[in-house]
Structures are given as C-alpha cells and as structure tokens.
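Chemist: Quick one: the structure is below, questions incoming.
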Amino acid sequence: MTTTISFDVPLAAIRTSLSQLRDEVGSLVDAASRHPTAQRRAALVDVHHQLRLLGQRVNAALGAPPAKDPPPHEPPEPA
C-alpha cells in the first residue's frame, strides 16, 4: 500500500506540473517565434536541453524490465 501511495502522490503532482509546463513552454515558443532573437533562441535551446534530459531519464526507466510483484503472503501451515 505504501509503495502505491508513494508513487501516486508525486505522479498526480507531476501531471499537474507537466500540464502547466506545456502551457508555459507553448507561450515561450509563441513569443520567440513572433520576435526571434539570438537570446530567445538560446533560451529555447536551454529549455529543449532540459526537456531532453528529463525524457532520457524516463526512457531509461522504461527500458528496465518491470519488477515482478512479490508472491502473495501465505499463512503458515498448521503443525
């Protein structure tokens, strides 16, 4: 139970943050495309780099074989 909670709570927060991040990156890209400058391009390159690092970390976790669930606990047999 604790494992599920310790996974689900951050997952919910991450989903919310990613939705907000998507909107903010969209606004940044729109602003940079309307008025392109070297400084704005450099900022977009930095954002792209950070997003790629996050993606690589998630991809590495997806590449690992999933852990098997532990066998169910069986009560000891009476003696």
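Chain labels run A, B, ... following the order of the structure tokens; each chain numbers its residues from 1, and ligands are numbered from 1 in the order shown.
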Please provide as a list in words all residues within 10 Å of A:Arg40, with the sequence filter that same-chain residues fewer than 6 positions apart are discarded (counting only C-alpha atoms).

Modeler: Leu28, Val29, Ala31, Ala32, Ser33 and Asp46 of chain A

Chemist: Could you pull out all residues of chain A with a DSSP call of helix (DSSP H, G or I) and give them as a PDB file with N, CA, C and O atoms, in the first residue's frame?

Modeler:
ATOM      1  N   THR A   2       1.900   1.281   0.823  1.00  0.00           N
ATOM      2  CA  THR A   2       2.760   2.450   0.906  1.00  0.00           C
ATOM      3  C   THR A   2       3.440   2.725  -0.427  1.00  0.00           C
ATOM      4  O   THR A   2       3.567   3.869  -0.835  1.00  0.00           O
ATOM      5  N   THR A   3       3.859   1.682  -1.132  1.00  0.00           N
ATOM      6  CA  THR A   3       4.514   1.863  -2.422  1.00  0.00           C
ATOM      7  C   THR A   3       3.579   2.542  -3.409  1.00  0.00           C
ATOM      8  O   THR A   3       3.981   3.436  -4.132  1.00  0.00           O
ATOM      9  N   THR A   4       2.330   2.140  -3.431  1.00  0.00           N
ATOM     10  CA  THR A   4       1.357   2.756  -4.332  1.00  0.00           C
ATOM     11  C   THR A   4       1.173   4.219  -3.991  1.00  0.00           C
ATOM     12  O   THR A   4       1.177   5.076  -4.874  1.00  0.00           O
ATOM     13  N   ILE A   5       1.035   4.532  -2.722  1.00  0.00           N
ATOM     14  CA  ILE A   5       0.847   5.921  -2.305  1.00  0.00           C
ATOM     15  C   ILE A   5       2.085   6.742  -2.633  1.00  0.00           C
ATOM     16  O   ILE A   5       1.986   7.844  -3.157  1.00  0.00           O
ATOM     17  N   SER A   6       3.269   6.199  -2.366  1.00  0.00           N
ATOM     18  CA  SER A   6       4.490   6.959  -2.615  1.00  0.00           C
ATOM     19  C   SER A   6       4.730   7.157  -4.113  1.00  0.00           C
ATOM     20  O   SER A   6       5.529   7.985  -4.498  1.00  0.00           O
ATOM     21  N   PHE A   7       4.042   6.402  -4.951  1.00  0.00           N
ATOM     22  CA  PHE A   7       4.130   6.596  -6.397  1.00  0.00           C
ATOM     23  C   PHE A   7       3.017   7.506  -6.894  1.00  0.00           C
ATOM     24  O   PHE A   7       3.246   8.397  -7.709  1.00  0.00           O
ATOM     25  N   ASP A   8       1.797   7.293  -6.412  1.00  0.00           N
ATOM     26  CA  ASP A   8       0.629   8.021  -6.909  1.00  0.00           C
ATOM     27  C   ASP A   8       0.631   9.501  -6.546  1.00  0.00           C
ATOM     28  O   ASP A   8       0.222  10.330  -7.349  1.00  0.00           O
ATOM     29  N   VAL A   9       1.089   9.827  -5.360  1.00  0.00           N
ATOM     30  CA  VAL A   9       1.072  11.233  -4.931  1.00  0.00           C
ATOM     31  C   VAL A   9       1.979  12.081  -5.814  1.00  0.00           C
ATOM     32  O   VAL A   9       1.531  13.099  -6.358  1.00  0.00           O
ATOM     33  N   PRO A  10       3.256  11.696  -6.002  1.00  0.00           N
ATOM     34  CA  PRO A  10       4.076  12.523  -6.897  1.00  0.00           C
ATOM     35  C   PRO A  10       3.590  12.478  -8.343  1.00  0.00           C
ATOM     36  O   PRO A  10       3.723  13.461  -9.065  1.00  0.00           O
ATOM     37  N   LEU A  11       3.020  11.358  -8.766  1.00  0.00           N
ATOM     38  CA  LEU A  11       2.521  11.260 -10.134  1.00  0.00           C
ATOM     39  C   LEU A  11       1.424  12.287 -10.388  1.00  0.00           C
ATOM     40  O   LEU A  11       1.415  12.957 -11.422  1.00  0.00           O
ATOM     41  N   ALA A  12       0.518  12.448  -9.445  1.00  0.00           N
ATOM     42  CA  ALA A  12      -0.550  13.442  -9.599  1.00  0.00           C
ATOM     43  C   ALA A  12       0.035  14.849  -9.687  1.00  0.00           C
ATOM     44  O   ALA A  12      -0.389  15.658 -10.527  1.00  0.00           O
ATOM     45  N   ALA A  13       1.011  15.136  -8.834  1.00  0.00           N
ATOM     46  CA  ALA A  13       1.640  16.464  -8.861  1.00  0.00           C
ATOM     47  C   ALA A  13       2.395  16.683 -10.164  1.00  0.00           C
ATOM     48  O   ALA A  13       2.357  17.775 -10.746  1.00  0.00           O
ATOM     49  N   ILE A  14       3.057  15.640 -10.647  1.00  0.00           N
ATOM     50  CA  ILE A  14       3.809  15.752 -11.899  1.00  0.00           C
ATOM     51  C   ILE A  14       2.868  15.993 -13.076  1.00  0.00           C
ATOM     52  O   ILE A  14       3.154  16.818 -13.945  1.00  0.00           O
ATOM     53  N   ARG A  15       1.745  15.302 -13.096  1.00  0.00           N
ATOM     54  CA  ARG A  15       0.782  15.518 -14.188  1.00  0.00           C
ATOM     55  C   ARG A  15       0.308  16.963 -14.221  1.00  0.00           C
ATOM     56  O   ARG A  15       0.201  17.577 -15.283  1.00  0.00           O
ATOM     57  N   THR A  16       0.014  17.508 -13.057  1.00  0.00           N
ATOM     58  CA  THR A  16      -0.416  18.902 -12.978  1.00  0.00           C
ATOM     59  C   THR A  16       0.705  19.833 -13.442  1.00  0.00           C
ATOM     60  O   THR A  16       0.481  20.758 -14.227  1.00  0.00           O
ATOM     61  N   SER A  17       1.916  19.567 -12.966  1.00  0.00           N
ATOM     62  CA  SER A  17       3.060  20.405 -13.337  1.00  0.00           C
ATOM     63  C   SER A  17       3.352  20.320 -14.826  1.00  0.00           C
ATOM     64  O   SER A  17       3.679  21.327 -15.460  1.00  0.00           O
ATOM     65  N   LEU A  18       3.242  19.129 -15.392  1.00  0.00           N
ATOM     66  CA  LEU A  18       3.503  18.978 -16.824  1.00  0.00           C
ATOM     67  C   LEU A  18       2.476  19.716 -17.665  1.00  0.00           C
ATOM     68  O   LEU A  18       2.817  20.302 -18.701  1.00  0.00           O
ATOM     69  N   SER A  19       1.249  19.706 -17.229  1.00  0.00           N
ATOM     70  CA  SER A  19       0.208  20.440 -17.951  1.00  0.00           C
ATOM     71  C   SER A  19       0.523  21.935 -17.934  1.00  0.00           C
ATOM     72  O   SER A  19       0.438  22.614 -18.965  1.00  0.00           O
ATOM     73  N   GLN A  20       0.904  22.433 -16.778  1.00  0.00           N
ATOM     74  CA  GLN A  20       1.267  23.849 -16.656  1.00  0.00           C
ATOM     75  C   GLN A  20       2.521  24.142 -17.469  1.00  0.00           C
ATOM     76  O   GLN A  20       2.600  25.157 -18.165  1.00  0.00           O
ATOM     77  N   LEU A  21       3.510  23.246 -17.402  1.00  0.00           N
ATOM     78  CA  LEU A  21       4.745  23.430 -18.152  1.00  0.00           C
ATOM     79  C   LEU A  21       4.477  23.470 -19.653  1.00  0.00           C
ATOM     80  O   LEU A  21       5.043  24.293 -20.378  1.00  0.00           O
ATOM     81  N   ARG A  22       3.591  22.587 -20.117  1.00  0.00           N
ATOM     82  CA  ARG A  22       3.237  22.567 -21.540  1.00  0.00           C
ATOM     83  C   ARG A  22       2.689  23.925 -21.974  1.00  0.00           C
ATOM     84  O   ARG A  22       3.060  24.457 -23.025  1.00  0.00           O
ATOM     85  N   ASP A  23       1.805  24.498 -21.157  1.00  0.00           N
ATOM     86  CA  ASP A  23       1.241  25.812 -21.475  1.00  0.00           C
ATOM     87  C   ASP A  23       2.322  26.893 -21.478  1.00  0.00           C
ATOM     88  O   ASP A  23       2.356  27.744 -22.370  1.00  0.00           O
ATOM     89  N   GLU A  24       3.190  26.846 -20.478  1.00  0.00           N
ATOM     90  CA  GLU A  24       4.237  27.871 -20.372  1.00  0.00           C
ATOM     91  C   GLU A  24       5.244  27.763 -21.512  1.00  0.00           C
ATOM     92  O   GLU A  24       5.680  28.783 -22.065  1.00  0.00           O
ATOM     93  N   VAL A  25       5.623  26.544 -21.871  1.00  0.00           N
ATOM     94  CA  VAL A  25       6.552  26.358 -22.994  1.00  0.00           C
ATOM     95  C   VAL A  25       5.882  26.814 -24.287  1.00  0.00           C
ATOM     96  O   VAL A  25       6.519  27.464 -25.128  1.00  0.00           O
ATOM     97  N   GLY A  26       4.606  26.522 -24.436  1.00  0.00           N
ATOM     98  CA  GLY A  26       3.882  26.987 -25.621  1.00  0.00           C
ATOM     99  C   GLY A  26       3.896  28.500 -25.730  1.00  0.00           C
ATOM    100  O   GLY A  26       4.129  29.058 -26.815  1.00  0.00           O
ATOM    101  N   SER A  27       3.686  29.173 -24.618  1.00  0.00           N
ATOM    102  CA  SER A  27       3.732  30.644 -24.615  1.00  0.00           C
ATOM    103  C   SER A  27       5.127  31.159 -24.946  1.00  0.00           C
ATOM    104  O   SER A  27       5.287  32.128 -25.700  1.00  0.00           O
ATOM    105  N   LEU A  28       6.134  30.502 -24.401  1.00  0.00           N
ATOM    106  CA  LEU A  28       7.520  30.905 -24.660  1.00  0.00           C
ATOM    107  C   LEU A  28       7.857  30.733 -26.144  1.00  0.00           C
ATOM    108  O   LEU A  28       8.439  31.627 -26.764  1.00  0.00           O
ATOM    109  N   VAL A  29       7.457  29.609 -26.705  1.00  0.00           N
ATOM    110  CA  VAL A  29       7.722  29.339 -28.123  1.00  0.00           C
ATOM    111  C   VAL A  29       6.980  30.348 -28.993  1.00  0.00           C
ATOM    112  O   VAL A  29       7.545  30.877 -29.964  1.00  0.00           O
ATOM    113  N   ASP A  30       5.731  30.633 -28.659  1.00  0.00           N
ATOM    114  CA  ASP A  30       4.964  31.625 -29.427  1.00  0.00           C
ATOM    115  C   ASP A  30       5.642  32.990 -29.395  1.00  0.00           C
ATOM    116  O   ASP A  30       5.772  33.657 -30.431  1.00  0.00           O
ATOM    117  N   ALA A  31       6.068  33.418 -28.217  1.00  0.00           N
ATOM    118  CA  ALA A  31       6.726  34.721 -28.086  1.00  0.00           C
ATOM    119  C   ALA A  31       8.038  34.740 -28.861  1.00  0.00           C
ATOM    120  O   ALA A  31       8.358  35.732 -29.534  1.00  0.00           O
ATOM    121  N   ALA A  32       8.794  33.653 -28.795  1.00  0.00           N
ATOM    122  CA  ALA A  32      10.072  33.598 -29.509  1.00  0.00           C
ATOM    123  C   ALA A  32       9.867  33.580 -31.016  1.00  0.00           C
ATOM    124  O   ALA A  32      10.669  34.154 -31.752  1.00  0.00           O
ATOM    125  N   SER A  33       8.806  32.947 -31.470  1.00  0.00           N
ATOM    126  CA  SER A  33       8.579  32.894 -32.921  1.00  0.00           C
ATOM    127  C   SER A  33       8.070  34.229 -33.465  1.00  0.00           C
ATOM    128  O   SER A  33       8.330  34.565 -34.619  1.00  0.00           O
ATOM    129  N   ARG A  34       7.365  34.993 -32.625  1.00  0.00           N
ATOM    130  CA  ARG A  34       6.882  36.320 -33.072  1.00  0.00           C
ATOM    131  C   ARG A  34       8.018  37.324 -33.183  1.00  0.00           C
ATOM    132  O   ARG A  34       8.008  38.190 -34.068  1.00  0.00           O
ATOM    133  N   ALA A  38      18.621  36.125 -30.954  1.00  0.00           N
ATOM    134  CA  ALA A  38      19.624  35.134 -30.558  1.00  0.00           C
ATOM    135  C   ALA A  38      19.432  34.738 -29.093  1.00  0.00           C
ATOM    136  O   ALA A  38      19.581  33.570 -28.733  1.00  0.00           O
ATOM    137  N   GLN A  39      19.079  35.713 -28.268  1.00  0.00           N
ATOM    138  CA  GLN A  39      18.885  35.434 -26.834  1.00  0.00           C
ATOM    139  C   GLN A  39      17.680  34.508 -26.620  1.00  0.00           C
ATOM    140  O   GLN A  39      17.735  33.581 -25.816  1.00  0.00           O
ATOM    141  N   ARG A  40      16.601  34.744 -27.341  1.00  0.00           N
ATOM    142  CA  ARG A  40      15.418  33.892 -27.203  1.00  0.00           C
ATOM    143  C   ARG A  40      15.697  32.492 -27.738  1.00  0.00           C
ATOM    144  O   ARG A  40      15.249  31.501 -27.172  1.00  0.00           O
ATOM    145  N   ARG A  41      16.451  32.425 -28.830  1.00  0.00           N
ATOM    146  CA  ARG A  41      16.818  31.109 -29.358  1.00  0.00           C
ATOM    147  C   ARG A  41      17.657  30.347 -28.336  1.00  0.00           C
ATOM    148  O   ARG A  41      17.433  29.155 -28.119  1.00  0.00           O
ATOM    149  N   ALA A  42      18.597  31.008 -27.705  1.00  0.00           N
ATOM    150  CA  ALA A  42      19.435  30.368 -26.691  1.00  0.00           C
ATOM    151  C   ALA A  42      18.573  29.868 -25.531  1.00  0.00           C
ATOM    152  O   ALA A  42      18.817  28.777 -24.995  1.00  0.00           O
ATOM    153  N   ALA A  43      17.576  30.645 -25.152  1.00  0.00           N
ATOM    154  CA  ALA A  43      16.679  30.225 -24.069  1.00  0.00           C
ATOM    155  C   ALA A  43      15.897  28.983 -24.477  1.00  0.00           C
ATOM    156  O   ALA A  43      15.734  28.051 -23.682  1.00  0.00           O
ATOM    157  N   LEU A  44      15.421  28.944 -25.721  1.00  0.00           N
ATOM    158  CA  LEU A  44      14.690  27.773 -26.208  1.00  0.00           C
ATOM    159  C   LEU A  44      15.595  26.546 -26.280  1.00  0.00           C
ATOM    160  O   LEU A  44      15.170  25.430 -25.964  1.00  0.00           O
ATOM    161  N   VAL A  45      16.841  26.754 -26.677  1.00  0.00           N
ATOM    162  CA  VAL A  45      17.795  25.645 -26.716  1.00  0.00           C
ATOM    163  C   VAL A  45      17.999  25.085 -25.316  1.00  0.00           C
ATOM    164  O   VAL A  45      18.028  23.868 -25.113  1.00  0.00           O
ATOM    165  N   ASP A  46      18.094  25.963 -24.320  1.00  0.00           N
ATOM    166  CA  ASP A  46      18.262  25.513 -22.937  1.00  0.00           C
ATOM    167  C   ASP A  46      17.038  24.733 -22.462  1.00  0.00           C
ATOM    168  O   ASP A  46      17.176  23.677 -21.836  1.00  0.00           O
ATOM    169  N   VAL A  47      15.851  25.229 -22.763  1.00  0.00           N
ATOM    170  CA  VAL A  47      14.622  24.525 -22.389  1.00  0.00           C
ATOM    171  C   VAL A  47      14.592  23.157 -23.064  1.00  0.00           C
ATOM    172  O   VAL A  47      14.283  22.140 -22.432  1.00  0.00           O
ATOM    173  N   HIS A  48      14.929  23.127 -24.346  1.00  0.00           N
ATOM    174  CA  HIS A  48      14.955  21.860 -25.078  1.00  0.00           C
ATOM    175  C   HIS A  48      15.932  20.874 -24.436  1.00  0.00           C
ATOM    176  O   HIS A  48      15.620  19.689 -24.267  1.00  0.00           O
ATOM    177  N   HIS A  49      17.088  21.354 -24.051  1.00  0.00           N
ATOM    178  CA  HIS A  49      18.089  20.502 -23.419  1.00  0.00           C
ATOM    179  C   HIS A  49      17.565  19.919 -22.106  1.00  0.00           C
ATOM    180  O   HIS A  49      17.711  18.720 -21.846  1.00  0.00           O
ATOM    181  N   GLN A  50      16.937  20.755 -21.295  1.00  0.00           N
ATOM    182  CA  GLN A  50      16.408  20.281 -20.009  1.00  0.00           C
ATOM    183  C   GLN A  50      15.293  19.256 -20.217  1.00  0.00           C
ATOM    184  O   GLN A  50      15.214  18.256 -19.497  1.00  0.00           O
ATOM    185  N   LEU A  51      14.445  19.487 -21.207  1.00  0.00           N
ATOM    186  CA  LEU A  51      13.365  18.529 -21.501  1.00  0.00           C
ATOM    187  C   LEU A  51      13.930  17.206 -22.012  1.00  0.00           C
ATOM    188  O   LEU A  51      13.429  16.133 -21.654  1.00  0.00           O
ATOM    189  N   ARG A  52      14.985  17.272 -22.813  1.00  0.00           N
ATOM    190  CA  ARG A  52      15.612  16.040 -23.291  1.00  0.00           C
ATOM    191  C   ARG A  52      16.213  15.246 -22.144  1.00  0.00           C
ATOM    192  O   ARG A  52      16.129  14.013 -22.119  1.00  0.00           O
ATOM    193  N   LEU A  53      16.834  15.928 -21.182  1.00  0.00           N
ATOM    194  CA  LEU A  53      17.392  15.229 -20.028  1.00  0.00           C
ATOM    195  C   LEU A  53      16.298  14.509 -19.236  1.00  0.00           C
ATOM    196  O   LEU A  53      16.481  13.365 -18.806  1.00  0.00           O
ATOM    197  N   LEU A  54      15.168  15.175 -19.073  1.00  0.00           N
ATOM    198  CA  LEU A  54      14.043  14.526 -18.390  1.00  0.00           C
ATOM    199  C   LEU A  54      13.558  13.318 -19.180  1.00  0.00           C
ATOM    200  O   LEU A  54      13.290  12.245 -18.622  1.00  0.00           O
ATOM    201  N   GLY A  55      13.436  13.482 -20.483  1.00  0.00           N
ATOM    202  CA  GLY A  55      12.995  12.393 -21.337  1.00  0.00           C
ATOM    203  C   GLY A  55      13.953  11.212 -21.295  1.00  0.00           C
ATOM    204  O   GLY A  55      13.526  10.053 -21.253  1.00  0.00           O
ATOM    205  N   GLN A  56      15.242  11.483 -21.286  1.00  0.00           N
ATOM    206  CA  GLN A  56      16.227  10.406 -21.224  1.00  0.00           C
ATOM    207  C   GLN A  56      16.106   9.626 -19.919  1.00  0.00           C
ATOM    208  O   GLN A  56      16.221   8.403 -19.903  1.00  0.00           O
ATOM    209  N   ARG A  57      15.846  10.340 -18.847  1.00  0.00           N
ATOM    210  CA  ARG A  57      15.708   9.664 -17.547  1.00  0.00           C
ATOM    211  C   ARG A  57      14.483   8.751 -17.533  1.00  0.00           C
ATOM    212  O   ARG A  57      14.527   7.626 -17.061  1.00  0.00           O
ATOM    213  N   VAL A  58      13.367   9.247 -18.076  1.00  0.00           N
ATOM    214  CA  VAL A  58      12.150   8.431 -18.140  1.00  0.00           C
ATOM    215  C   VAL A  58      12.368   7.251 -19.090  1.00  0.00           C
ATOM    216  O   VAL A  58      11.981   6.121 -18.785  1.00  0.00           O
ATOM    217  N   ASN A  59      13.002   7.492 -20.225  1.00  0.00           N
ATOM    218  CA  ASN A  59      13.271   6.413 -21.172  1.00  0.00           C
ATOM    219  C   ASN A  59      14.149   5.328 -20.546  1.00  0.00           C
ATOM    220  O   ASN A  59      13.930   4.138 -20.783  1.00  0.00           O
ATOM    221  N   ALA A  60      15.124   5.728 -19.753  1.00  0.00           N
ATOM    222  CA  ALA A  60      15.983   4.746 -19.091  1.00  0.00           C
ATOM    223  C   ALA A  60      15.161   3.882 -18.132  1.00  0.00           C
ATOM    224  O   ALA A  60      15.355   2.669 -18.053  1.00  0.00           O
ATOM    225  N   ALA A  61      14.231   4.503 -17.437  1.00  0.00           N
ATOM    226  CA  ALA A  61      13.380   3.742 -16.513  1.00  0.00           C
ATOM    227  C   ALA A  61      12.451   2.811 -17.284  1.00  0.00           C
ATOM    228  O   ALA A  61      12.176   1.693 -16.841  1.00  0.00           O
ATOM    229  N   LEU A  62      11.982   3.235 -18.426  1.00  0.00           N
ATOM    230  CA  LEU A  62      11.105   2.385 -19.238  1.00  0.00           C
ATOM    231  C   LEU A  62      11.858   1.215 -19.849  1.00  0.00           C
ATOM    232  O   LEU A  62      11.276   0.168 -20.106  1.00  0.00           O
ATOM    233  N   GLY A  63      13.150   1.385 -20.061  1.00  0.00           N
ATOM    234  CA  GLY A  63      13.947   0.326 -20.654  1.00  0.00           C
ATOM    235  C   GLY A  63      14.257  -0.797 -19.686  1.00  0.00           C
ATOM    236  O   GLY A  63      14.574  -1.908 -20.097  1.00  0.00           O
TER     237      GLY A  63
END
